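A.B. asks: File follows, protein_37.cif with mmCIF, N, CA and C atoms:
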data_target
#
loop_
_atom_site.label_atom_id
_atom_site.label_comp_id
_atom_site.auth_asym_id
_atom_site.auth_seq_id
_atom_site.Cartn_x
_atom_site.Cartn_y
_atom_site.Cartn_z
N MET A 1 20.63 -23.58 0.81
CA MET A 1 20.11 -23.94 -0.49
C MET A 1 18.62 -23.59 -0.54
N LEU A 2 18.17 -23.08 -1.66
CA LEU A 2 16.79 -22.67 -1.84
C LEU A 2 15.90 -23.87 -2.05
N ASN A 3 14.84 -23.95 -1.28
CA ASN A 3 13.85 -25.02 -1.41
C ASN A 3 12.83 -24.58 -2.45
N LEU A 4 12.86 -25.17 -3.63
CA LEU A 4 11.99 -24.75 -4.73
C LEU A 4 10.55 -25.21 -4.55
N SER A 5 10.27 -26.02 -3.54
CA SER A 5 8.89 -26.45 -3.31
C SER A 5 8.12 -25.44 -2.47
N VAL A 6 8.77 -24.40 -2.00
CA VAL A 6 8.12 -23.36 -1.21
C VAL A 6 7.20 -22.54 -2.12
N ASP A 7 6.00 -22.24 -1.63
CA ASP A 7 5.04 -21.45 -2.40
C ASP A 7 5.24 -19.96 -2.10
N PHE A 8 5.80 -19.26 -3.06
CA PHE A 8 6.07 -17.83 -2.90
C PHE A 8 4.89 -16.97 -3.35
N GLY A 9 3.81 -17.59 -3.80
CA GLY A 9 2.69 -16.88 -4.41
C GLY A 9 2.21 -15.66 -3.67
N VAL A 10 2.03 -15.76 -2.38
CA VAL A 10 1.48 -14.64 -1.61
C VAL A 10 2.48 -13.50 -1.46
N LEU A 11 3.75 -13.78 -1.71
CA LEU A 11 4.75 -12.71 -1.60
C LEU A 11 4.75 -11.80 -2.83
N TYR A 12 4.25 -12.29 -3.95
CA TYR A 12 4.23 -11.46 -5.16
C TYR A 12 3.33 -10.23 -5.02
N PRO A 13 2.10 -10.38 -4.52
CA PRO A 13 1.30 -9.17 -4.31
C PRO A 13 1.95 -8.21 -3.30
N ALA A 14 2.59 -8.77 -2.27
CA ALA A 14 3.29 -7.93 -1.29
C ALA A 14 4.44 -7.18 -1.96
N ALA A 15 5.13 -7.85 -2.87
CA ALA A 15 6.23 -7.20 -3.59
C ALA A 15 5.71 -6.07 -4.47
N VAL A 16 4.58 -6.28 -5.11
CA VAL A 16 3.98 -5.22 -5.93
C VAL A 16 3.64 -4.01 -5.06
N MET A 17 3.06 -4.26 -3.88
CA MET A 17 2.75 -3.15 -2.97
C MET A 17 4.01 -2.42 -2.53
N ALA A 18 5.08 -3.17 -2.24
CA ALA A 18 6.33 -2.54 -1.83
C ALA A 18 6.91 -1.71 -2.98
N LEU A 19 6.88 -2.24 -4.18
CA LEU A 19 7.38 -1.49 -5.34
C LEU A 19 6.55 -0.24 -5.59
N TRP A 20 5.25 -0.34 -5.36
CA TRP A 20 4.40 0.84 -5.53
C TRP A 20 4.76 1.91 -4.50
N THR A 21 5.02 1.51 -3.27
CA THR A 21 5.42 2.47 -2.24
C THR A 21 6.74 3.13 -2.61
N LEU A 22 7.69 2.36 -3.10
CA LEU A 22 8.97 2.94 -3.53
C LEU A 22 8.77 3.89 -4.71
N THR A 23 7.86 3.55 -5.61
CA THR A 23 7.54 4.43 -6.73
C THR A 23 6.95 5.74 -6.24
N LEU A 24 6.08 5.65 -5.24
CA LEU A 24 5.49 6.87 -4.68
C LEU A 24 6.56 7.77 -4.06
N TYR A 25 7.54 7.16 -3.40
CA TYR A 25 8.64 7.96 -2.86
C TYR A 25 9.41 8.66 -3.97
N PHE A 26 9.63 7.98 -5.07
CA PHE A 26 10.30 8.59 -6.22
C PHE A 26 9.48 9.76 -6.76
N ILE A 27 8.17 9.55 -6.91
CA ILE A 27 7.29 10.62 -7.40
C ILE A 27 7.32 11.82 -6.46
N LEU A 28 7.24 11.54 -5.17
CA LEU A 28 7.27 12.63 -4.18
C LEU A 28 8.60 13.38 -4.25
N GLY A 29 9.70 12.67 -4.34
CA GLY A 29 11.00 13.34 -4.45
C GLY A 29 11.09 14.20 -5.69
N PHE A 30 10.60 13.67 -6.81
CA PHE A 30 10.60 14.42 -8.06
C PHE A 30 9.76 15.70 -7.92
N LEU A 31 8.56 15.57 -7.35
CA LEU A 31 7.68 16.74 -7.20
C LEU A 31 8.28 17.78 -6.26
N ARG A 32 8.91 17.32 -5.19
CA ARG A 32 9.53 18.26 -4.26
C ARG A 32 10.70 18.98 -4.92
N THR A 33 11.53 18.24 -5.62
CA THR A 33 12.66 18.86 -6.31
C THR A 33 12.18 19.86 -7.35
N ARG A 34 11.16 19.49 -8.09
CA ARG A 34 10.62 20.40 -9.10
C ARG A 34 10.01 21.65 -8.46
N ALA A 35 9.32 21.47 -7.35
CA ALA A 35 8.72 22.62 -6.66
C ALA A 35 9.79 23.58 -6.14
N ILE A 36 10.88 23.04 -5.66
CA ILE A 36 11.99 23.89 -5.21
C ILE A 36 12.59 24.62 -6.41
N GLY A 37 12.81 23.90 -7.50
CA GLY A 37 13.37 24.51 -8.71
C GLY A 37 12.49 25.61 -9.28
N ARG A 38 11.19 25.44 -9.14
CA ARG A 38 10.24 26.43 -9.64
C ARG A 38 9.96 27.53 -8.61
N ARG A 39 10.63 27.44 -7.49
CA ARG A 39 10.47 28.40 -6.39
C ARG A 39 9.03 28.45 -5.85
N GLU A 40 8.38 27.29 -5.90
CA GLU A 40 7.04 27.17 -5.32
C GLU A 40 7.12 26.92 -3.82
N ILE A 41 8.29 26.48 -3.39
CA ILE A 41 8.51 26.19 -1.98
C ILE A 41 9.99 26.39 -1.69
N HIS A 42 10.29 26.87 -0.51
CA HIS A 42 11.68 27.08 -0.12
C HIS A 42 12.24 25.79 0.47
N PRO A 43 13.48 25.46 0.17
CA PRO A 43 14.07 24.22 0.71
C PRO A 43 14.02 24.13 2.24
N ASN A 44 14.07 25.28 2.92
CA ASN A 44 14.01 25.27 4.38
C ASN A 44 12.68 24.73 4.92
N TYR A 45 11.66 24.73 4.09
CA TYR A 45 10.37 24.18 4.51
C TYR A 45 10.55 22.75 5.03
N PHE A 46 11.44 22.00 4.42
CA PHE A 46 11.59 20.59 4.73
C PHE A 46 12.38 20.32 6.01
N ARG A 47 12.86 21.37 6.65
CA ARG A 47 13.54 21.19 7.94
C ARG A 47 12.56 20.76 9.03
N ALA A 48 11.43 21.43 9.11
CA ALA A 48 10.45 21.12 10.15
C ALA A 48 9.04 21.00 9.58
N TYR A 49 8.91 21.11 8.25
CA TYR A 49 7.61 21.04 7.59
C TYR A 49 6.61 22.03 8.17
N VAL A 50 7.10 23.24 8.36
CA VAL A 50 6.27 24.32 8.89
C VAL A 50 6.12 25.36 7.79
N GLY A 51 4.89 25.79 7.57
CA GLY A 51 4.62 26.79 6.55
C GLY A 51 3.72 26.23 5.47
N GLU A 52 3.63 26.97 4.39
CA GLU A 52 2.76 26.57 3.27
C GLU A 52 3.46 25.58 2.35
N GLU A 53 2.73 24.57 2.00
CA GLU A 53 3.21 23.57 1.05
C GLU A 53 2.21 23.54 -0.10
N PRO A 54 2.70 23.47 -1.33
CA PRO A 54 1.76 23.37 -2.45
C PRO A 54 0.83 22.17 -2.27
N GLU A 55 -0.42 22.34 -2.64
CA GLU A 55 -1.42 21.29 -2.41
C GLU A 55 -1.01 19.95 -3.04
N ARG A 56 -0.45 19.99 -4.24
CA ARG A 56 -0.05 18.75 -4.91
C ARG A 56 0.96 17.98 -4.06
N LEU A 57 1.93 18.69 -3.49
CA LEU A 57 2.91 18.03 -2.63
C LEU A 57 2.25 17.47 -1.38
N ARG A 58 1.33 18.22 -0.82
CA ARG A 58 0.64 17.78 0.39
C ARG A 58 -0.15 16.49 0.13
N VAL A 59 -0.83 16.42 -1.02
CA VAL A 59 -1.62 15.23 -1.36
C VAL A 59 -0.71 14.01 -1.55
N VAL A 60 0.35 14.17 -2.32
CA VAL A 60 1.25 13.04 -2.57
C VAL A 60 1.95 12.63 -1.28
N SER A 61 2.38 13.60 -0.49
CA SER A 61 3.05 13.31 0.78
C SER A 61 2.12 12.53 1.71
N ARG A 62 0.88 12.95 1.78
CA ARG A 62 -0.10 12.27 2.62
C ARG A 62 -0.35 10.85 2.09
N HIS A 63 -0.34 10.72 0.78
CA HIS A 63 -0.57 9.40 0.19
C HIS A 63 0.58 8.44 0.51
N VAL A 64 1.79 8.94 0.52
CA VAL A 64 2.94 8.11 0.90
C VAL A 64 2.77 7.65 2.34
N VAL A 65 2.34 8.54 3.21
CA VAL A 65 2.10 8.18 4.61
C VAL A 65 1.03 7.08 4.69
N ASN A 66 0.01 7.17 3.83
CA ASN A 66 -1.05 6.15 3.81
C ASN A 66 -0.50 4.75 3.60
N GLN A 67 0.60 4.65 2.86
CA GLN A 67 1.17 3.34 2.55
C GLN A 67 1.77 2.67 3.79
N PHE A 68 1.91 3.43 4.87
CA PHE A 68 2.47 2.88 6.10
C PHE A 68 1.42 2.80 7.20
N GLU A 69 0.18 2.78 6.78
CA GLU A 69 -0.93 2.61 7.71
C GLU A 69 -1.54 1.23 7.47
N MET A 70 -2.72 1.15 6.91
CA MET A 70 -3.39 -0.13 6.71
C MET A 70 -2.59 -1.11 5.84
N PRO A 71 -1.90 -0.67 4.78
CA PRO A 71 -1.14 -1.65 3.99
C PRO A 71 -0.08 -2.42 4.79
N MET A 72 0.34 -1.90 5.92
CA MET A 72 1.30 -2.65 6.72
C MET A 72 0.68 -3.95 7.22
N LEU A 73 -0.62 -3.91 7.55
CA LEU A 73 -1.30 -5.13 7.97
C LEU A 73 -1.38 -6.13 6.82
N PHE A 74 -1.42 -5.63 5.59
CA PHE A 74 -1.39 -6.50 4.42
C PHE A 74 -0.04 -7.20 4.33
N HIS A 75 1.03 -6.45 4.49
CA HIS A 75 2.36 -7.05 4.43
C HIS A 75 2.55 -8.09 5.54
N VAL A 76 2.03 -7.78 6.70
CA VAL A 76 2.16 -8.71 7.83
C VAL A 76 1.42 -10.01 7.53
N ILE A 77 0.18 -9.93 7.05
CA ILE A 77 -0.57 -11.16 6.79
C ILE A 77 0.08 -11.95 5.66
N CYS A 78 0.62 -11.27 4.67
CA CYS A 78 1.31 -11.99 3.59
C CYS A 78 2.50 -12.77 4.13
N ILE A 79 3.26 -12.16 5.02
CA ILE A 79 4.42 -12.83 5.61
C ILE A 79 3.95 -14.00 6.47
N ILE A 80 2.90 -13.79 7.26
CA ILE A 80 2.39 -14.87 8.11
C ILE A 80 1.90 -16.04 7.26
N VAL A 81 1.17 -15.73 6.19
CA VAL A 81 0.68 -16.79 5.30
C VAL A 81 1.85 -17.55 4.70
N PHE A 82 2.86 -16.83 4.27
CA PHE A 82 4.03 -17.48 3.67
C PHE A 82 4.74 -18.36 4.69
N VAL A 83 5.00 -17.83 5.87
CA VAL A 83 5.77 -18.57 6.88
C VAL A 83 5.00 -19.81 7.36
N THR A 84 3.69 -19.68 7.50
CA THR A 84 2.90 -20.81 7.99
C THR A 84 2.53 -21.78 6.88
N GLY A 85 2.79 -21.39 5.63
CA GLY A 85 2.46 -22.26 4.50
C GLY A 85 0.97 -22.41 4.27
N LEU A 86 0.19 -21.44 4.73
CA LEU A 86 -1.27 -21.53 4.61
C LEU A 86 -1.80 -20.72 3.43
N SER A 87 -1.06 -20.73 2.36
CA SER A 87 -1.53 -20.06 1.15
C SER A 87 -2.59 -20.94 0.49
N SER A 88 -3.51 -20.29 -0.19
CA SER A 88 -4.56 -21.00 -0.91
C SER A 88 -4.97 -20.14 -2.09
N ASP A 89 -5.74 -20.73 -2.98
CA ASP A 89 -6.25 -19.94 -4.11
C ASP A 89 -7.06 -18.75 -3.60
N ALA A 90 -7.88 -18.99 -2.60
CA ALA A 90 -8.70 -17.91 -2.05
C ALA A 90 -7.83 -16.79 -1.48
N MET A 91 -6.76 -17.18 -0.79
CA MET A 91 -5.86 -16.18 -0.20
C MET A 91 -5.18 -15.37 -1.30
N LEU A 92 -4.77 -16.03 -2.37
CA LEU A 92 -4.11 -15.32 -3.47
C LEU A 92 -5.09 -14.38 -4.16
N ILE A 93 -6.31 -14.81 -4.34
CA ILE A 93 -7.33 -13.94 -4.94
C ILE A 93 -7.55 -12.71 -4.07
N LEU A 94 -7.65 -12.93 -2.77
CA LEU A 94 -7.82 -11.80 -1.85
C LEU A 94 -6.61 -10.88 -1.88
N ALA A 95 -5.41 -11.45 -1.88
CA ALA A 95 -4.20 -10.62 -1.87
C ALA A 95 -4.12 -9.76 -3.13
N TRP A 96 -4.34 -10.36 -4.29
CA TRP A 96 -4.29 -9.59 -5.54
C TRP A 96 -5.44 -8.59 -5.61
N SER A 97 -6.58 -8.94 -5.03
CA SER A 97 -7.70 -7.99 -4.99
C SER A 97 -7.34 -6.78 -4.14
N TYR A 98 -6.69 -7.04 -3.02
CA TYR A 98 -6.26 -5.95 -2.15
C TYR A 98 -5.31 -5.02 -2.91
N VAL A 99 -4.33 -5.59 -3.58
CA VAL A 99 -3.37 -4.79 -4.34
C VAL A 99 -4.09 -3.97 -5.40
N GLY A 100 -4.98 -4.60 -6.14
CA GLY A 100 -5.74 -3.88 -7.17
C GLY A 100 -6.53 -2.73 -6.60
N LEU A 101 -7.19 -2.98 -5.47
CA LEU A 101 -7.98 -1.91 -4.84
C LEU A 101 -7.08 -0.79 -4.33
N ARG A 102 -5.92 -1.13 -3.78
CA ARG A 102 -5.01 -0.09 -3.29
C ARG A 102 -4.44 0.73 -4.45
N LEU A 103 -4.17 0.08 -5.58
CA LEU A 103 -3.70 0.82 -6.74
C LEU A 103 -4.80 1.73 -7.28
N LEU A 104 -6.04 1.24 -7.26
CA LEU A 104 -7.17 2.07 -7.66
C LEU A 104 -7.33 3.24 -6.69
N HIS A 105 -7.17 2.98 -5.41
CA HIS A 105 -7.22 4.03 -4.39
C HIS A 105 -6.17 5.10 -4.69
N SER A 106 -4.97 4.66 -5.03
CA SER A 106 -3.89 5.59 -5.38
C SER A 106 -4.27 6.41 -6.60
N ALA A 107 -4.79 5.74 -7.61
CA ALA A 107 -5.16 6.44 -8.85
C ALA A 107 -6.19 7.52 -8.57
N ILE A 108 -7.17 7.21 -7.74
CA ILE A 108 -8.19 8.20 -7.39
C ILE A 108 -7.57 9.33 -6.60
N HIS A 109 -6.81 8.99 -5.56
CA HIS A 109 -6.24 10.00 -4.67
C HIS A 109 -5.27 10.93 -5.40
N LEU A 110 -4.50 10.38 -6.33
CA LEU A 110 -3.46 11.17 -6.97
C LEU A 110 -3.92 11.86 -8.26
N THR A 111 -5.17 11.62 -8.66
CA THR A 111 -5.67 12.29 -9.87
C THR A 111 -6.84 13.20 -9.51
N PHE A 112 -8.05 12.75 -9.73
CA PHE A 112 -9.21 13.62 -9.52
C PHE A 112 -9.65 13.71 -8.06
N ASN A 113 -9.20 12.80 -7.21
CA ASN A 113 -9.35 12.84 -5.76
C ASN A 113 -10.79 13.06 -5.28
N ASN A 114 -11.71 12.31 -5.85
CA ASN A 114 -13.10 12.35 -5.38
C ASN A 114 -13.16 11.55 -4.08
N VAL A 115 -13.47 12.22 -2.99
CA VAL A 115 -13.41 11.60 -1.66
C VAL A 115 -14.40 10.45 -1.54
N LEU A 116 -15.59 10.58 -2.12
CA LEU A 116 -16.58 9.51 -2.03
C LEU A 116 -16.09 8.24 -2.73
N TYR A 117 -15.56 8.37 -3.94
CA TYR A 117 -15.02 7.21 -4.65
C TYR A 117 -13.84 6.61 -3.90
N ARG A 118 -12.97 7.49 -3.44
CA ARG A 118 -11.79 7.03 -2.71
C ARG A 118 -12.19 6.28 -1.45
N PHE A 119 -13.19 6.77 -0.74
CA PHE A 119 -13.65 6.12 0.49
C PHE A 119 -14.26 4.75 0.20
N ARG A 120 -15.03 4.66 -0.87
CA ARG A 120 -15.63 3.37 -1.24
C ARG A 120 -14.56 2.33 -1.54
N VAL A 121 -13.55 2.74 -2.28
CA VAL A 121 -12.46 1.81 -2.60
C VAL A 121 -11.69 1.45 -1.33
N PHE A 122 -11.49 2.42 -0.45
CA PHE A 122 -10.83 2.17 0.82
C PHE A 122 -11.59 1.12 1.62
N ILE A 123 -12.90 1.28 1.72
CA ILE A 123 -13.73 0.34 2.49
C ILE A 123 -13.65 -1.06 1.88
N LEU A 124 -13.71 -1.14 0.56
CA LEU A 124 -13.58 -2.45 -0.10
C LEU A 124 -12.23 -3.09 0.22
N SER A 125 -11.16 -2.30 0.15
CA SER A 125 -9.83 -2.85 0.45
C SER A 125 -9.74 -3.27 1.91
N TRP A 126 -10.37 -2.52 2.78
CA TRP A 126 -10.40 -2.84 4.21
C TRP A 126 -11.11 -4.17 4.43
N LEU A 127 -12.25 -4.37 3.74
CA LEU A 127 -13.00 -5.62 3.87
C LEU A 127 -12.19 -6.80 3.33
N VAL A 128 -11.48 -6.59 2.24
CA VAL A 128 -10.63 -7.65 1.69
C VAL A 128 -9.52 -8.00 2.69
N LEU A 129 -8.94 -7.00 3.30
CA LEU A 129 -7.88 -7.24 4.28
C LEU A 129 -8.42 -8.02 5.49
N ILE A 130 -9.59 -7.65 5.94
CA ILE A 130 -10.23 -8.39 7.04
C ILE A 130 -10.45 -9.84 6.62
N ALA A 131 -10.93 -10.04 5.40
CA ALA A 131 -11.17 -11.39 4.90
C ALA A 131 -9.87 -12.20 4.87
N MET A 132 -8.77 -11.57 4.51
CA MET A 132 -7.49 -12.28 4.50
C MET A 132 -7.13 -12.76 5.91
N TRP A 133 -7.28 -11.88 6.88
CA TRP A 133 -6.95 -12.26 8.25
C TRP A 133 -7.89 -13.35 8.77
N VAL A 134 -9.18 -13.22 8.47
CA VAL A 134 -10.15 -14.22 8.92
C VAL A 134 -9.86 -15.57 8.26
N LEU A 135 -9.58 -15.56 6.97
CA LEU A 135 -9.27 -16.80 6.26
C LEU A 135 -8.03 -17.46 6.84
N TRP A 136 -6.99 -16.67 7.08
CA TRP A 136 -5.78 -17.26 7.66
C TRP A 136 -6.08 -17.85 9.04
N LEU A 137 -6.81 -17.12 9.86
CA LEU A 137 -7.13 -17.61 11.21
C LEU A 137 -7.95 -18.90 11.12
N TYR A 138 -8.92 -18.95 10.22
CA TYR A 138 -9.73 -20.15 10.03
C TYR A 138 -8.83 -21.33 9.63
N GLN A 139 -7.95 -21.10 8.67
CA GLN A 139 -7.06 -22.17 8.21
C GLN A 139 -6.11 -22.62 9.31
N ALA A 140 -5.62 -21.66 10.09
CA ALA A 140 -4.72 -22.01 11.20
C ALA A 140 -5.43 -22.82 12.26
N ILE A 141 -6.65 -22.47 12.57
CA ILE A 141 -7.43 -23.22 13.56
C ILE A 141 -7.73 -24.63 13.07
N GLN A 142 -8.00 -24.77 11.77
CA GLN A 142 -8.28 -26.08 11.19
C GLN A 142 -7.10 -27.03 11.33
N LEU A 143 -5.89 -26.48 11.34
CA LEU A 143 -4.68 -27.31 11.47
C LEU A 143 -4.53 -27.88 12.89
N ASN A 144 -5.08 -27.17 13.85
CA ASN A 144 -4.91 -27.59 15.25
C ASN A 144 -6.01 -28.48 15.68
#
Please express the file's structure as structure tokens.
C.D. replies:
Amino acid sequence: MLNLSVDFGVLYPAAVMALWTLTLYFILGFLRTRAIGRREIHPNYFRAYVGEEPERLRVVSRHVVNQFEMPMLFHVICIIVFVTGLSSDAMLILAWSYVGLRLLHSAIHLTFNNVLYRFRVFILSWLVLIAMWVLWLYQAIQLN
């Protein structure tokens, strides 16, 4: 039976990040299919990913890979916060801030791709992620 007193709040930002990653996979699949249809790339390219790939595919493909780097630590801390019940308003603000910054990072990377802007947003998201881990650790220590 579902315990309705459980605070699912921190899982919502994690769900948004997961949905965004799935959306990126859809976009990548669409772009790859379109590139094959337009004969911009041969289907055999995808056997070993050797040869020339259109830049747009390379950027989106790399961005999908990015979602399995630092954002994984975000998913882990969200799960830890949920399981330990150490959610707080501050944690939720940080979690939603992280998601917003990652979506902004995606928007920059997948559109005009200014490396300086993208790096600044990356650093901000990294600092927010560190703050989430530090906050959780502080709260966990306070319980003991």
A.B. asks: Choose the residue, out of A:His42, A:Phe30, A:Arg47, A:Pro71, that has the smallest atom-to-atom separation from Ala18 of chain A; count only C-alpha atoms.
C.D. replies: A:Pro71
A.B. asks: Between A:Cys78, A:Leu143, A:Ala48, A:Leu124, which one has atoms that come closest to Leu92 of chain A, using only C-alpha atoms?
C.D. replies: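 Of all the options, A:Cys78 lies closest to Leu92 of chain A.
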A.B. asks: Quick one: distance from atom CA of Gly100 of chain A to atom CA of Leu86 of chain A in Å, one decimal?
C.D. replies: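 Between atom CA of Gly100 of chain A and atom CA of Leu86 of chain A the gap works out to 21.7 Å.
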A.B. asks: Leaving out Val10 of chain A and any residue of its chain fewer than 2 positions from it, which residues lie within 8 Å of it when counting only N, CA and C atoms, given as a ChimeraX atom specification?
C.D. replies: /A:7-8,12-15,77-79,81-82,87-88,91-92,95-96
A.B. asks: Between A:Ala90, A:Phe68, A:Pro54, A:Trp136, which has the minimum distance to Arg38 of chain A (counting only C-alpha atoms)?
C.D. replies: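 Result for the nearest residue to Arg38 of chain A: A:Pro54.
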A.B. asks: Nearest to Phe74 of chain A: which of A:Val60, A:Leu129, A:Ile93, A:Leu101 is it, counting only N, CA and C atoms?
C.D. replies: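 Smallest distance to Phe74 of chain A is found for A:Leu129.
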A.B. asks: Give the answer as one residue: which of A:Thr33, A:Val65, A:Ile123, A:Val115 has the shortest atom-to-atom distance to Thr21 of chain A, using only C-alpha atoms?
C.D. replies: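 Closest residue, counting only C-alpha atoms: A:Val65.
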A.B. asks: Which value, in Å to one decimal, gives the distance between atom CA of Leu116 of chain A and atom CA of Leu57 of chain A?
C.D. replies: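 So the answer is 21.3 Å.
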A.B. asks: In terms of the shortest atom-to-atom distance over all atoms listed in the file, which of A:Val16, A:Val99, A:Leu24, A:Leu110 is closest to Val59 of chain A?
C.D. replies: A:Leu110
A.B. asks: Write out as a PyMOL selection string which residues come within 12 Å of Ile108 of chain A when counting only C-alpha atoms, dropping same-chain ones fewer than 2 positions away.
C.D. replies: chain A and resi 59-60+63+101-106+110-122
A.B. asks: Separation of atom CA of Arg56 of chain A and atom CA of Ile27 of chain A, in Å?
C.D. replies: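 Going from atom CA of Arg56 of chain A over to atom CA of Ile27 of chain A, I get 11.2 Å.
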A.B. asks: With 8 Å of padding per side, what axis-aligned box (centre and edge lengths, Å, one decimal) covers all the listed atoms of segment 71-89 of chain A? Give it as lines of an AutoDock Vina configuration file.
C.D. replies:
center_x = -0.6
center_y = -11.5
center_z = 2.0
size_x = 28.8
size_y = 37.7
size_z = 28.2
